[in-house]
Amino acid sequence: MEKEQDVTVAKSAGFCPGVKRAIDKVLELEAAGKKPVYTIGPLIHNKQVTDMLAAKQITSIDRPQQAADKSGVLVIRAHGITPQFQQEIESCSMEVVDATCPLVKHAQNIIAKFAQQGYHTVIVGDGGHAEVIGLLGYTQGKGVVVSGPEEAARLPHFDKVNVVSQTTQQEIVFYQTAEEVKKHADVCQISNTICQPTKDRQKETIELAKSADLVIVVGGRHSANTARLATLCKQLAPAVLHVETEDELEPLPVQRARKIFITAGASTPNWVIDRVAARVRELRKPNAKSILSGWLEKTWRFLVRNCFYTAFAAAALTYVCMRLEGVPTDGRLLTFAGLFVFALTAFNRGAETDPGLNKRFLTAASLAAAAGAILCAGFIGKGALGMGLVFLLAGFAYPYRHLLKLQLVSLPGTKDIVTALGWAYACAFLPAYTHGMALRKAAYLAVFYTVLLVFMRSVTLGFTSANKDLIIGRESFYKAFGMKKTKWAVTLVLAALTAALATLLSLTWKPALVGMLLIGHLYTVFIVIYYYSKSSTRSVKDETLIDGQFFVLWAVSALAAFL
């Protein structure tokens, strides 16, 4: 959990694995060019996410017949559907992708198993909810839905009954209801099908809401699990606010509360949670902050979020590579690297799904930077101009790779690898090539050094979002291979960098420079260790610290020139 200013944000807040899996599936289908994409019912009960999906032409329909384009893809949402409806969908002429949550599938299988043995089924849940409607389809017509023990008290007598739960129900309500159903049956099978993420969320909420003066529940008004979470909090805390966005926060309760606990439903994206938390902290800040410090903070946030900081970091790394290669410091190359990295980073960031980004500005600025990079490359030479055009066009095509049917760039982990190769071209290869040193060992060393550093930088930025809801495809290394394997990969890269620098130092190859780089390397080691255990969504501070390694390496490289 994150705690600051007596404001605690639940560790379990945000998308549950089932919801995240379903959203990833439709986004990967869209990115692969399988358009249009239709979902059977709203994919998620959250307006911010549905608006984002609609912008990508991912449309919700109720039946296959409503699909305007039969060449599209039908996606069964995480809530699941009845077996009869599934047969209808699969018999249509469209491609079907089943994104039913595995834990909902588990509940469906349990119901089907006992129904085949002649058991009646009592489902503890919300009667009109999509998941419950789907579960009822597996009861062989012998199912009934109750919301709690009060409704269960009015049930008839059963010879054999199986009691299951909607996966997002309160556990205490489920067991109280099951005890009541027992009184109405000769044989009662209790199957707790509440999913583990829901249990974890409820456990954390119970523990932390009790000690809070104010609980803020973030999530859609139409989300059943969010509403249920708000109801639970009202039983535990003196004051509860249920908000969809930060704009709905009331300043006075936020400022008066001594301790605040922020939690969210399973369908709430973390960019919404983060903004609510940021707004809460802003409202609780003392008014003593000077106008100058506030202006400086806003300026810094603008520079980092809009990729200017990253551009200067690329220029700093280019200087380090020039020192490694023995290339004279060249302002044209430093400028080109900064503009090149800015253009591609800003353009790709503008194409991301986060609605909080200033996409128009990022796109316009990236195009201006690309024009500047091309102009700069023209001053460097024809070879630099030709290669620069090719790499820039490839980088700008990346967000739209599905239109070109480029399956290679959708392979697992390619996003971080391609990013590393792009930086290596601009920061290491081009300086050596421009000065006729591209085939020297020093150039190979600089390219290898840059690829490893930038790959590690890209993956480490992923650490700051890995347990949250950074909505990206499998091209991201951590998303493709999981955090455990990703951390092992980064550890090996870190060890390889350390060993390479230590070997060069032992061979007395540019000892002053390599020795200083080893000292600067300690900062990179610190960053990796720090983010191994960190799970907060990427912030301005995180980008400042991670890209700060290039400025540290620039500083020690410059210092080495005087030793």
# chains A, B, ... in the order shown; residues from 1 in each chain; ligands from 1
>>> select_by_dssp(residues="region 108-283 of chain A", states="strand (DSSP E or B)", output="ChimeraX atom specification")
/A:120-124,143-146,158-165,185-190,214-218,240-243,260-264
>>> write_last_selection(atoms="C-alpha atoms", output="tab-separated table (two decimals), in the first residue's frame")
chain	number	residue	atom	x	y	z
A	120	HIS	CA	-30.48	-27.58	-7.07
A	121	THR	CA	-28.30	-24.43	-7.08
A	122	VAL	CA	-28.61	-21.37	-4.86
A	123	ILE	CA	-26.48	-18.47	-6.11
A	124	VAL	CA	-25.69	-15.74	-3.61
A	143	GLY	CA	-31.23	-22.46	-9.96
A	144	VAL	CA	-32.34	-19.56	-7.81
A	145	VAL	CA	-30.62	-16.30	-6.86
A	146	VAL	CA	-30.71	-14.74	-3.39
A	158	PHE	CA	-34.58	-28.95	-1.22
A	159	ASP	CA	-33.50	-32.56	-1.14
A	160	LYS	CA	-30.01	-31.66	-2.43
A	161	VAL	CA	-28.69	-28.12	-2.92
A	162	ASN	CA	-25.39	-26.57	-3.89
A	163	VAL	CA	-24.74	-23.03	-2.56
A	164	VAL	CA	-22.35	-20.96	-4.67
A	165	SER	CA	-21.47	-17.30	-4.84
A	185	ALA	CA	-32.16	-28.85	2.66
A	186	ASP	CA	-31.52	-32.50	3.45
A	187	VAL	CA	-28.08	-32.29	1.80
A	188	CYS	CA	-26.31	-28.96	1.45
A	189	GLN	CA	-23.06	-28.54	-0.47
A	190	ILE	CA	-21.33	-25.20	0.22
A	214	LEU	CA	-12.83	8.92	5.96
A	215	VAL	CA	-12.90	6.17	3.33
A	216	ILE	CA	-12.97	7.13	-0.34
A	217	VAL	CA	-14.21	4.37	-2.65
A	218	VAL	CA	-13.32	4.98	-6.29
A	240	VAL	CA	-17.52	7.21	3.23
A	241	LEU	CA	-17.36	8.95	-0.16
A	242	HIS	CA	-18.07	7.00	-3.36
A	243	VAL	CA	-16.62	8.90	-6.33
A	260	ILE	CA	-8.02	8.77	4.95
A	261	PHE	CA	-8.18	5.35	3.31
A	262	ILE	CA	-8.62	5.12	-0.48
A	263	THR	CA	-9.80	1.90	-2.08
A	264	ALA	CA	-11.45	0.99	-5.37
>>> residues_around(residues="Ala377 (chain A)", least_positions_apart="5", cutoff="8 Å", atoms="only C-alpha atoms", output="ChimeraX atom specification")
/A:332,336,382,384-385,388
>>> write_last_selection(atoms="N, CA and C atoms", output="mmCIF file, in the first residue's frame")
data_model
loop_
_atom_site.group_PDB
_atom_site.id
_atom_site.type_symbol
_atom_site.label_atom_id
_atom_site.label_comp_id
_atom_site.auth_asym_id
_atom_site.auth_seq_id
_atom_site.Cartn_x
_atom_site.Cartn_y
_atom_site.Cartn_z
ATOM 1 N N ARG A 332 26.244 18.571 -32.863
ATOM 2 C CA ARG A 332 25.235 18.101 -33.816
ATOM 3 C C ARG A 332 24.703 16.724 -33.415
ATOM 4 N N PHE A 336 21.019 15.772 -32.264
ATOM 5 C CA PHE A 336 20.258 14.759 -33.002
ATOM 6 C C PHE A 336 19.713 13.691 -32.059
ATOM 7 N N LYS A 382 25.094 12.633 -45.438
ATOM 8 C CA LYS A 382 24.060 11.898 -46.176
ATOM 9 C C LYS A 382 23.722 10.563 -45.504
ATOM 10 N N ALA A 384 23.936 9.765 -42.332
ATOM 11 C CA ALA A 384 23.157 10.040 -41.120
ATOM 12 C C ALA A 384 21.728 10.408 -41.483
ATOM 13 N N LEU A 385 21.577 11.170 -42.581
ATOM 14 C CA LEU A 385 20.236 11.569 -43.016
ATOM 15 C C LEU A 385 19.413 10.360 -43.455
ATOM 16 N N GLY A 388 18.656 8.155 -40.427
ATOM 17 C CA GLY A 388 17.725 8.856 -39.542
ATOM 18 C C GLY A 388 16.297 8.782 -40.047
#
>>> closest_residue(among="A:Val19, A:Leu249, A:Leu74, A:Ile58", to="Cys101 (chain A)", atoms="only C-alpha atoms")
A:Val19
>>> atom_distance(atom1="CA of Met516 (chain A)", atom2="CA of Val556 (chain A)")
5.4 Å
>>> residues_around(residues="region 104-110 of chain A", least_positions_apart="6", cutoff="12 Å", atoms="only C-alpha atoms", output="PyMOL selection string")
chain A and resi 17-19+77-83+98+116-117+119+121+123-124+130-140+162-168+189-196
>>> residues_around(residues="Thr8 (chain A)", least_positions_apart="2", cutoff="12 Å", atoms="only C-alpha atoms", output="JSON, numbers by chain")
{"A": [1, 2, 3, 4, 5, 6, 10, 11, 12, 13, 204, 205, 207, 208, 209, 211, 212, 213, 214, 215, 216, 258, 259, 260, 261, 262, 263, 273, 274, 276, 277, 278, 280, 281]}
>>> residues_around(residues="Asn46 (chain A)", least_positions_apart="6", cutoff="10 Å", atoms="only C-alpha atoms", output="number ranges by chain")
A: 219-223, 244, 265-269
>>> write_last_selection(atoms="C-alpha atoms", output="short mmCIF file (atom, residue, chain, number, x, y, z; two decimals), in the first residue's frame")
data_model
loop_
_atom_site.label_atom_id
_atom_site.label_comp_id
_atom_site.auth_asym_id
_atom_site.auth_seq_id
_atom_site.Cartn_x
_atom_site.Cartn_y
_atom_site.Cartn_z
CA GLY A 219 -15.31 3.35 -9.07
CA GLY A 220 -18.25 3.39 -11.44
CA ARG A 221 -21.77 3.98 -10.14
CA HIS A 222 -22.96 0.94 -12.08
CA SER A 223 -20.22 -1.38 -10.82
CA GLU A 244 -16.03 8.09 -9.99
CA GLY A 265 -13.49 -1.66 -7.14
CA ALA A 266 -12.10 -4.33 -9.45
CA SER A 267 -13.24 -2.38 -12.51
CA THR A 268 -11.50 0.89 -11.62
CA PRO A 269 -8.37 1.77 -13.64
#
>>> select_by_dssp(residues="region 182-233 of chain A", states="helix (DSSP H, G or I)", output="list in words")
Lys182, Gln196, Pro197, Thr198, Lys199, Asp200, Arg201, Gln202, Lys203, Glu204, Thr205, Ile206, Glu207, Leu208, Ala209, Ala224, Asn225, Thr226, Ala227, Arg228, Leu229, Ala230, Thr231, Leu232 and Cys233 of chain A
>>> write_last_selection(atoms="N, CA and C atoms", output="JSON list (two decimals), in the first residue's frame")
[["chain", "number", "residue", "atom", "x", "y", "z"],
["A", 182, "LYS", "N", -28.95, -24.11, 4.64],
["A", 182, "LYS", "CA", -28.83, -25.43, 5.29],
["A", 182, "LYS", "C", -30.14, -25.85, 5.96],
["A", 196, "GLN", "N", -10.19, -15.02, -5.13],
["A", 196, "GLN", "CA", -9.18, -14.61, -4.17],
["A", 196, "GLN", "C", -8.91, -13.11, -4.20],
["A", 197, "PRO", "N", -8.84, -12.46, -5.39],
["A", 197, "PRO", "CA", -8.64, -11.00, -5.38],
["A", 197, "PRO", "C", -9.73, -10.26, -4.61],
["A", 198, "THR", "N", -10.98, -10.74, -4.69],
["A", 198, "THR", "CA", -12.07, -10.12, -3.94],
["A", 198, "THR", "C", -11.86, -10.32, -2.45],
["A", 199, "LYS", "N", -11.45, -11.53, -2.06],
["A", 199, "LYS", "CA", -11.18, -11.80, -0.64],
["A", 199, "LYS", "C", -10.06, -10.90, -0.13],
["A", 200, "ASP", "N", -9.00, -10.75, -0.92],
["A", 200, "ASP", "CA", -7.87, -9.90, -0.52],
["A", 200, "ASP", "C", -8.31, -8.45, -0.38],
["A", 201, "ARG", "N", -9.13, -8.01, -1.33],
["A", 201, "ARG", "CA", -9.61, -6.63, -1.30],
["A", 201, "ARG", "C", -10.47, -6.38, -0.07],
["A", 202, "GLN", "N", -11.35, -7.33, 0.23],
["A", 202, "GLN", "CA", -12.24, -7.18, 1.39],
["A", 202, "GLN", "C", -11.46, -7.25, 2.70],
["A", 203, "LYS", "N", -10.47, -8.15, 2.75],
["A", 203, "LYS", "CA", -9.65, -8.27, 3.96],
["A", 203, "LYS", "C", -8.89, -6.98, 4.25],
["A", 204, "GLU", "N", -8.26, -6.42, 3.20],
["A", 204, "GLU", "CA", -7.51, -5.18, 3.36],
["A", 204, "GLU", "C", -8.45, -4.03, 3.73],
["A", 205, "THR", "N", -9.62, -4.00, 3.12],
["A", 205, "THR", "CA", -10.59, -2.95, 3.41],
["A", 205, "THR", "C", -11.03, -3.01, 4.87],
["A", 206, "ILE", "N", -11.33, -4.19, 5.35],
["A", 206, "ILE", "CA", -11.78, -4.35, 6.74],
["A", 206, "ILE", "C", -10.70, -3.90, 7.71],
["A", 207, "GLU", "N", -9.44, -4.26, 7.40],
["A", 207, "GLU", "CA", -8.33, -3.92, 8.29],
["A", 207, "GLU", "C", -8.08, -2.41, 8.36],
["A", 208, "LEU", "N", -8.15, -1.75, 7.20],
["A", 208, "LEU", "CA", -7.75, -0.35, 7.14],
["A", 208, "LEU", "C", -8.90, 0.64, 7.29],
["A", 209, "ALA", "N", -10.10, 0.24, 6.89],
["A", 209, "ALA", "CA", -11.24, 1.16, 7.00],
["A", 209, "ALA", "C", -11.59, 1.45, 8.45],
["A", 224, "ALA", "N", -21.18, -3.27, -9.63],
["A", 224, "ALA", "CA", -21.75, -3.95, -8.46],
["A", 224, "ALA", "C", -20.70, -4.16, -7.38],
["A", 225, "ASN", "N", -19.48, -4.57, -7.78],
["A", 225, "ASN", "CA", -18.47, -4.85, -6.74],
["A", 225, "ASN", "C", -18.00, -3.57, -6.07],
["A", 226, "THR", "N", -17.99, -2.44, -6.81],
["A", 226, "THR", "CA", -17.61, -1.16, -6.19],
["A", 226, "THR", "C", -18.68, -0.70, -5.21],
["A", 227, "ALA", "N", -19.94, -0.83, -5.59],
["A", 227, "ALA", "CA", -21.04, -0.46, -4.69],
["A", 227, "ALA", "C", -21.02, -1.33, -3.44],
["A", 228, "ARG", "N", -20.71, -2.62, -3.62],
["A", 228, "ARG", "CA", -20.65, -3.52, -2.48],
["A", 228, "ARG", "C", -19.50, -3.14, -1.55],
["A", 229, "LEU", "N", -18.39, -2.71, -2.14],
["A", 229, "LEU", "CA", -17.24, -2.27, -1.34],
["A", 229, "LEU", "C", -17.59, -1.02, -0.54],
["A", 230, "ALA", "N", -18.33, -0.11, -1.16],
["A", 230, "ALA", "CA", -18.75, 1.11, -0.46],
["A", 230, "ALA", "C", -19.68, 0.77, 0.70],
["A", 231, "THR", "N", -20.57, -0.20, 0.49],
["A", 231, "THR", "CA", -21.49, -0.63, 1.56],
["A", 231, "THR", "C", -20.72, -1.22, 2.72],
["A", 232, "LEU", "N", -19.71, -2.04, 2.41],
["A", 232, "LEU", "CA", -18.87, -2.63, 3.46],
["A", 232, "LEU", "C", -18.17, -1.54, 4.26],
["A", 233, "CYS", "N", -17.65, -0.53, 3.57],
["A", 233, "CYS", "CA", -16.93, 0.55, 4.25],
["A", 233, "CYS", "C", -17.84, 1.35, 5.17]]
>>> residues_around(residues="region 440-445 of chain A", least_positions_apart="6", cutoff="10 Å", atoms="only C-alpha atoms", output="list of chain:residue names")
A:Cys321, A:Met322, A:Arg323, A:Leu324, A:Glu325, A:Gly326, A:Val327, A:Ala428, A:Phe429, A:Leu430, A:Pro431, A:Ala432, A:Tyr433, A:Val451, A:Ala500
>>> closest_residue(among="A:Leu155, A:Leu494, A:Ala426, A:Ala365", to="Phe526 (chain A)", atoms="only C-alpha atoms")
A:Leu494
>>> closest_residue(among="A:Glu180, A:Glu282, A:Asp62, A:Asp547", to="Val254 (chain A)", atoms="only C-alpha atoms")
A:Glu282
>>> closest_residue(among="A:Thr363, A:Thr318, A:Gln48, A:Thr39", to="Ala99 (chain A)", atoms="only C-alpha atoms")
A:Thr39
>>> atom_distance(atom1="CA of Leu553 (chain A)", atom2="CA of Thr419 (chain A)")
19.4 Å
